[in-house]
Amino acid sequence: MSEDFNNTLNLPKTDFPMRGNLPQREPEMLEKWEQDRLYYALSEKNKGKPSYTLHDGPPYANGNIHMGTAMNKVLKDIIVKYKSMTGYNANYVPGWDCHGLPIELKAIKQIGIDSGTIDPVTLRKSCREFALSCLDGQKQQFKRLGVWGDFDDPYLTIKPEFEAKQVEVFGKMMQKGYIYKGLKPVYWCADCNTALAEAEIEYQDDPCYSIYVKFPITDSKGKFDDLGIDLTKAYVVIWTTTTWTLPGNLAICLGPNYEYTFVKVEDEESKSYGEYLLMATELVSTVMDAVGIKKYSTVGTFLGSDLELIETDHPFMGRKSPVIVGDHVTLDSGTGCVHTAPGFGLEDFEVCNKYKGMFKIIVPVNEKGVLTEEAGDFAGLKTADANKAIAQRLEDDNTLLAMQKIVHPYPHCWRCHEPIIYRATDQWFCNVDMFKDETIKAIEDVKWIPEWGEERIKNMVSMRSDWCISRQRSWGVPIPI
């Protein structure tokens with residue numbers, strides 16, 4: 001005898017189908033939410049309840065959403081819906097950043113032209129159309145994820161009222177003296193042809209060649225007269241990981257309170273046999289190991305401050321490189337004698353400015369990362385090619401003491417992910433020092449989750465003195481000066 005045992009089970013009865021069939025049902029459900037304007041109905045229902053606002057950092061309108069954007073929006077949507085269900089009037093206004101380099105680069109690629117071959121007005125029109133088309137696409141993609149929000153009236157940086165507010169805030173900053181223009185080394189992306197702020201930099205481990213270079217001492221100011229040193233064989237040794245910056249060298253910087261000594265090379269197999277090499281006493285053994293010199297002795301000791309303004313010759317640029325002193329010099333690496341190119345480094349720039357009128361800042365690399373006429377024989381080379389050519393020149397002239405292949409963290413552009421350079425240019429800056437204390441106080445008034453976020457942002461602010469706000473691009477809100 002057969003019996004239908006299903007009828008003997010006390011199971012709940014439901015109209016829900018056995019299969020989820022989500023590929024078909026989800027679009028239907030989302031369409032019904034849209035037709036019923038469910039977000040706006042919930043917002044109306046919660047009027048009068050305590051307000052909860054989620055400030056949404058906008059994505060760039062420069063393409064389809066990706067996994068990171070999706071996760072960001074879904075997590076925020078969960079928070080807003082949770083707050084709506086627990087007694088809050090939780091409104092969510094989505095927004096888009098419609099300006100900036102990512103959009104300009106994508107628009108140029110879509111047009112199919114090279115940067116600089118289109119007039120700014122036409123380029124801005126193309127960028128605007130591109131941003132708006134991407135915005136519409138992302139809006140639909142967010143809705144497909146089930147995100148609720150005021151998509152009828154999002155905030156867009158492209159709206160005139162948004163741009164006007166930016167100009168208004170900028171005007172107030174200008175009136176308070178926060179804004180200034182000056183020649184200063186800034187992060188520069190040769191691929192994107194623009195200055196970058198510190199927040200736009202990411203570090204990656206890069207392989208490179210570090211070099212030890214000998215600068216011949218030409219005027220000791222009588223400091224070594226009683227040591228019996230042959231000045232025709234005396235050198236200050238510098239170390240650098242950016243060989244291409246050597247055409248910009250104007251000085252060698254020592255730590256004023258560090259001890260320095262001459263190393264007499266007694267290794268007959270060395271090309272430097274019989275030479276006297278000046279370096280920090282503390283680093284002698286490290287440097288000698290690195291350059292492969294096994295037999296040597298030391299002659300004399302000096303404080304860095306005692307050697308100020310002795311003169312050396314630049315190895316190949318036909319000019320003097322005087323010795324100066326600066327507190328930024330460390331003994332963590334190198335020789336304690338710092339190659340100083342003020343056009344390519346902020347600390348170099350600042351220490352050279354302390355020697356009033358002594359140095360004329362030169363920047364022998366253009367905006368495309370190509371060495372200029374100021375680089376002499378190396379003009380026309382890109383920085384990567386210049387590294388090899390300059391190293392070869394030093395080798396031929398016997399001023400290259402040693403070369404090593406190393407891997408070190410190097411700054412890259414967060415947009416194109418190419419290595420950047422430091423380059424002194426005229427830029428507009430915001431002086432963060434003038435309101436740093438107020439900013440840190442505001443940070444401390446915020447509850448941070450997780451708690452370590454507070455210390456991280458405070459450190460970022462406290463370590464910054466100014467903020468480069470110039471961008472050499474056509475698509476953005478102009479600096480109204």
# chains A, B, ... in the order shown; residues from 1 in each chain; ligands from 1

$ closest_atom_pairs --of "segment 156-244 of chain A" --to "segment 358-378 of chain A" --cutoff "7 Å" --atoms "only C-alpha atoms" --output "tab-separated table"
residue	atom	partner	partner_atom	distance
A:Ala190	CA	A:Lys368	CA	4.6
A:Asp191	CA	A:Lys368	CA	6.8
A:Asn193	CA	A:Glu367	CA	5.8

$ closest_atom_pairs --of "segment 96-158 of chain A" --to "segment 56-80 of chain A" --cutoff "7 Å" --atoms "only C-alpha atoms" --output "CSV"
residue,atom,partner,partner_atom,distance
A:Trp96,CA,A:Pro58,CA,4.6
A:Asp97,CA,A:Tyr60,CA,4.8
A:Cys98,CA,A:Ala61,CA,5.5
A:Pro102,CA,A:Asn62,CA,6.6
A:Ile103,CA,A:Asn62,CA,5.1
A:Lys106,CA,A:Asn62,CA,6.8
A:Ala131,CA,A:Ala61,CA,5.1
A:Cys134,CA,A:Ala61,CA,5.3
A:Leu135,CA,A:Ala61,CA,5.2
A:Gly137,CA,A:Asn64,CA,6.8
A:Gln138,CA,A:Asn64,CA,5.9
A:Val147,CA,A:Asp77,CA,5.7
A:Trp148,CA,A:Asp77,CA,6.7

$ write_last_selection --atoms "N, CA, C and O atoms" --output "mmCIF file, in the first residue's frame"
data_model
loop_
_atom_site.group_PDB
_atom_site.id
_atom_site.type_symbol
_atom_site.label_atom_id
_atom_site.label_comp_id
_atom_site.auth_asym_id
_atom_site.auth_seq_id
_atom_site.Cartn_x
_atom_site.Cartn_y
_atom_site.Cartn_z
ATOM 1 N N TRP A 96 29.099 62.355 -7.256
ATOM 2 C CA TRP A 96 30.166 61.991 -8.200
ATOM 3 C C TRP A 96 31.164 63.126 -8.342
ATOM 4 O O TRP A 96 30.786 64.301 -8.382
ATOM 5 N N ASP A 97 32.443 62.758 -8.403
ATOM 6 C CA ASP A 97 33.498 63.701 -8.742
ATOM 7 C C ASP A 97 33.623 63.705 -10.256
ATOM 8 O O ASP A 97 34.014 62.710 -10.863
ATOM 9 N N CYS A 98 33.261 64.815 -10.857
ATOM 10 C CA CYS A 98 33.185 64.880 -12.320
ATOM 11 C C CYS A 98 34.377 65.601 -12.941
ATOM 12 O O CYS A 98 34.399 65.845 -14.158
ATOM 13 N N PRO A 102 41.853 61.658 -13.922
ATOM 14 C CA PRO A 102 41.369 60.366 -14.420
ATOM 15 C C PRO A 102 40.337 60.515 -15.536
ATOM 16 O O PRO A 102 40.327 59.726 -16.496
ATOM 17 N N ILE A 103 39.462 61.516 -15.416
ATOM 18 C CA ILE A 103 38.441 61.741 -16.433
ATOM 19 C C ILE A 103 39.077 62.305 -17.695
ATOM 20 O O ILE A 103 38.764 61.880 -18.821
ATOM 21 N N LYS A 106 40.902 59.551 -19.631
ATOM 22 C CA LYS A 106 39.978 58.632 -20.305
ATOM 23 C C LYS A 106 39.307 59.315 -21.506
ATOM 24 O O LYS A 106 39.094 58.691 -22.545
ATOM 25 N N ALA A 131 32.134 62.479 -18.692
ATOM 26 C CA ALA A 131 31.818 62.325 -17.268
ATOM 27 C C ALA A 131 30.325 62.073 -17.065
ATOM 28 O O ALA A 131 29.931 61.206 -16.269
ATOM 29 N N CYS A 134 29.360 58.519 -18.073
ATOM 30 C CA CYS A 134 29.803 57.541 -17.074
ATOM 31 C C CYS A 134 28.949 57.626 -15.817
ATOM 32 O O CYS A 134 28.644 56.608 -15.184
ATOM 33 N N LEU A 135 28.562 58.838 -15.465
ATOM 34 C CA LEU A 135 27.719 59.045 -14.288
ATOM 35 C C LEU A 135 26.398 58.291 -14.435
ATOM 36 O O LEU A 135 25.959 57.594 -13.512
ATOM 37 N N GLY A 137 25.792 55.710 -16.282
ATOM 38 C CA GLY A 137 26.049 54.274 -16.228
ATOM 39 C C GLY A 137 26.257 53.777 -14.806
ATOM 40 O O GLY A 137 25.696 52.759 -14.394
ATOM 41 N N GLN A 138 27.040 54.513 -14.022
ATOM 42 C CA GLN A 138 27.287 54.115 -12.636
ATOM 43 C C GLN A 138 26.014 54.186 -11.797
ATOM 44 O O GLN A 138 25.793 53.339 -10.918
ATOM 45 N N VAL A 147 21.091 49.484 -4.078
ATOM 46 C CA VAL A 147 21.392 50.664 -3.259
ATOM 47 C C VAL A 147 20.232 51.656 -3.335
ATOM 48 O O VAL A 147 19.736 51.972 -4.417
ATOM 49 N N TRP A 148 19.807 52.164 -2.162
ATOM 50 C CA TRP A 148 18.770 53.195 -2.098
ATOM 51 C C TRP A 148 19.429 54.546 -1.867
ATOM 52 O O TRP A 148 20.418 54.661 -1.154
#

$ atom_distance --atom1 "atom CA of Pro342 of chain A" --atom2 "atom CA of Lys354 of chain A"
11.6 Å

$ closest_residue --among "A:Met288, A:Leu277, A:Cys337, A:Leu309" --to "Asp219 of chain A" --atoms "only C-alpha atoms"
A:Leu309

$ select_by_dssp --residues "segment 327-424 of chain A" --states "strand (DSSP E)" --output "list of chain:residue names"
A:Cys337, A:Val338, A:His339, A:Thr340, A:Leu400, A:Leu401, A:Ala402, A:Met403, A:Gln404, A:Lys405, A:Ile406, A:Val407, A:His408, A:Pro409, A:Tyr410, A:Pro411, A:His412, A:Cys413, A:Ile421, A:Tyr422, A:Arg423, A:Ala424

$ write_last_selection --atoms "N, CA, C and O atoms" --output "PDB file, in the first residue's frame"
ATOM      1  N   CYS A 337      77.809  62.296   3.224  1.00  0.00           N
ATOM      2  CA  CYS A 337      78.040  63.462   2.354  1.00  0.00           C
ATOM      3  C   CYS A 337      76.935  63.440   1.300  1.00  0.00           C
ATOM      4  O   CYS A 337      76.945  62.565   0.414  1.00  0.00           O
ATOM      5  N   VAL A 338      75.975  64.345   1.404  1.00  0.00           N
ATOM      6  CA  VAL A 338      74.731  64.237   0.630  1.00  0.00           C
ATOM      7  C   VAL A 338      74.802  65.055  -0.657  1.00  0.00           C
ATOM      8  O   VAL A 338      75.007  66.283  -0.622  1.00  0.00           O
ATOM      9  N   HIS A 339      74.641  64.365  -1.767  1.00  0.00           N
ATOM     10  CA  HIS A 339      74.491  65.005  -3.079  1.00  0.00           C
ATOM     11  C   HIS A 339      73.296  65.949  -3.020  1.00  0.00           C
ATOM     12  O   HIS A 339      72.184  65.532  -2.699  1.00  0.00           O
ATOM     13  N   THR A 340      73.520  67.218  -3.313  1.00  0.00           N
ATOM     14  CA  THR A 340      72.492  68.240  -3.098  1.00  0.00           C
ATOM     15  C   THR A 340      72.124  68.916  -4.418  1.00  0.00           C
ATOM     16  O   THR A 340      72.923  69.646  -5.006  1.00  0.00           O
ATOM     17  N   LEU A 400      83.548  57.344 -10.782  1.00  0.00           N
ATOM     18  CA  LEU A 400      82.573  56.397 -10.235  1.00  0.00           C
ATOM     19  C   LEU A 400      83.325  55.423  -9.329  1.00  0.00           C
ATOM     20  O   LEU A 400      84.108  54.604  -9.793  1.00  0.00           O
ATOM     21  N   LEU A 401      83.084  55.523  -8.027  1.00  0.00           N
ATOM     22  CA  LEU A 401      83.773  54.657  -7.080  1.00  0.00           C
ATOM     23  C   LEU A 401      83.190  53.244  -7.101  1.00  0.00           C
ATOM     24  O   LEU A 401      83.919  52.254  -7.054  1.00  0.00           O
ATOM     25  N   ALA A 402      81.849  53.160  -7.176  1.00  0.00           N
ATOM     26  CA  ALA A 402      81.195  51.844  -7.205  1.00  0.00           C
ATOM     27  C   ALA A 402      79.741  52.008  -7.594  1.00  0.00           C
ATOM     28  O   ALA A 402      79.166  53.105  -7.504  1.00  0.00           O
ATOM     29  N   MET A 403      79.151  50.892  -8.034  1.00  0.00           N
ATOM     30  CA  MET A 403      77.721  50.860  -8.377  1.00  0.00           C
ATOM     31  C   MET A 403      77.135  49.576  -7.808  1.00  0.00           C
ATOM     32  O   MET A 403      77.761  48.524  -7.876  1.00  0.00           O
ATOM     33  N   GLN A 404      75.918  49.688  -7.219  1.00  0.00           N
ATOM     34  CA  GLN A 404      75.255  48.518  -6.653  1.00  0.00           C
ATOM     35  C   GLN A 404      73.803  48.486  -7.110  1.00  0.00           C
ATOM     36  O   GLN A 404      73.150  49.531  -7.205  1.00  0.00           O
ATOM     37  N   LYS A 405      73.289  47.288  -7.373  1.00  0.00           N
ATOM     38  CA  LYS A 405      71.868  47.135  -7.668  1.00  0.00           C
ATOM     39  C   LYS A 405      71.124  46.918  -6.357  1.00  0.00           C
ATOM     40  O   LYS A 405      71.487  46.045  -5.564  1.00  0.00           O
ATOM     41  N   ILE A 406      70.102  47.734  -6.104  1.00  0.00           N
ATOM     42  CA  ILE A 406      69.323  47.618  -4.873  1.00  0.00           C
ATOM     43  C   ILE A 406      67.838  47.680  -5.213  1.00  0.00           C
ATOM     44  O   ILE A 406      67.451  48.031  -6.321  1.00  0.00           O
ATOM     45  N   VAL A 407      67.010  47.338  -4.237  1.00  0.00           N
ATOM     46  CA  VAL A 407      65.561  47.525  -4.338  1.00  0.00           C
ATOM     47  C   VAL A 407      65.148  48.441  -3.203  1.00  0.00           C
ATOM     48  O   VAL A 407      65.499  48.211  -2.049  1.00  0.00           O
ATOM     49  N   HIS A 408      64.446  49.523  -3.536  1.00  0.00           N
ATOM     50  CA  HIS A 408      64.049  50.460  -2.490  1.00  0.00           C
ATOM     51  C   HIS A 408      62.653  51.010  -2.783  1.00  0.00           C
ATOM     52  O   HIS A 408      62.190  50.990  -3.927  1.00  0.00           O
ATOM     53  N   PRO A 409      61.936  51.485  -1.749  1.00  0.00           N
ATOM     54  CA  PRO A 409      60.616  52.073  -1.971  1.00  0.00           C
ATOM     55  C   PRO A 409      60.764  53.385  -2.732  1.00  0.00           C
ATOM     56  O   PRO A 409      61.579  54.244  -2.345  1.00  0.00           O
ATOM     57  N   TYR A 410      59.989  53.545  -3.800  1.00  0.00           N
ATOM     58  CA  TYR A 410      60.088  54.760  -4.611  1.00  0.00           C
ATOM     59  C   TYR A 410      58.682  55.284  -4.895  1.00  0.00           C
ATOM     60  O   TYR A 410      57.752  54.504  -5.133  1.00  0.00           O
ATOM     61  N   PRO A 411      58.476  56.603  -4.868  1.00  0.00           N
ATOM     62  CA  PRO A 411      57.129  57.153  -5.084  1.00  0.00           C
ATOM     63  C   PRO A 411      56.645  56.978  -6.517  1.00  0.00           C
ATOM     64  O   PRO A 411      57.402  57.181  -7.469  1.00  0.00           O
ATOM     65  N   HIS A 412      55.353  56.614  -6.648  1.00  0.00           N
ATOM     66  CA  HIS A 412      54.704  56.449  -7.947  1.00  0.00           C
ATOM     67  C   HIS A 412      53.414  57.252  -7.966  1.00  0.00           C
ATOM     68  O   HIS A 412      52.809  57.520  -6.930  1.00  0.00           O
ATOM     69  N   CYS A 413      52.990  57.619  -9.152  1.00  0.00           N
ATOM     70  CA  CYS A 413      51.708  58.315  -9.340  1.00  0.00           C
ATOM     71  C   CYS A 413      50.570  57.315  -9.124  1.00  0.00           C
ATOM     72  O   CYS A 413      50.576  56.227  -9.692  1.00  0.00           O
ATOM     73  N   ILE A 421      58.980  62.086 -10.293  1.00  0.00           N
ATOM     74  CA  ILE A 421      60.223  62.768  -9.963  1.00  0.00           C
ATOM     75  C   ILE A 421      59.896  63.955  -9.064  1.00  0.00           C
ATOM     76  O   ILE A 421      58.741  64.392  -8.989  1.00  0.00           O
ATOM     77  N   TYR A 422      60.893  64.429  -8.348  1.00  0.00           N
ATOM     78  CA  TYR A 422      60.781  65.698  -7.638  1.00  0.00           C
ATOM     79  C   TYR A 422      61.309  66.765  -8.583  1.00  0.00           C
ATOM     80  O   TYR A 422      62.386  66.605  -9.167  1.00  0.00           O
ATOM     81  N   ARG A 423      60.581  67.861  -8.716  1.00  0.00           N
ATOM     82  CA  ARG A 423      60.980  68.873  -9.691  1.00  0.00           C
ATOM     83  C   ARG A 423      60.519  70.240  -9.212  1.00  0.00           C
ATOM     84  O   ARG A 423      59.345  70.423  -8.877  1.00  0.00           O
ATOM     85  N   ALA A 424      61.437  71.196  -9.143  1.00  0.00           N
ATOM     86  CA  ALA A 424      61.082  72.543  -8.688  1.00  0.00           C
ATOM     87  C   ALA A 424      60.364  73.291  -9.807  1.00  0.00           C
ATOM     88  O   ALA A 424      60.888  73.416 -10.912  1.00  0.00           O
TER      89      ALA A 424
END
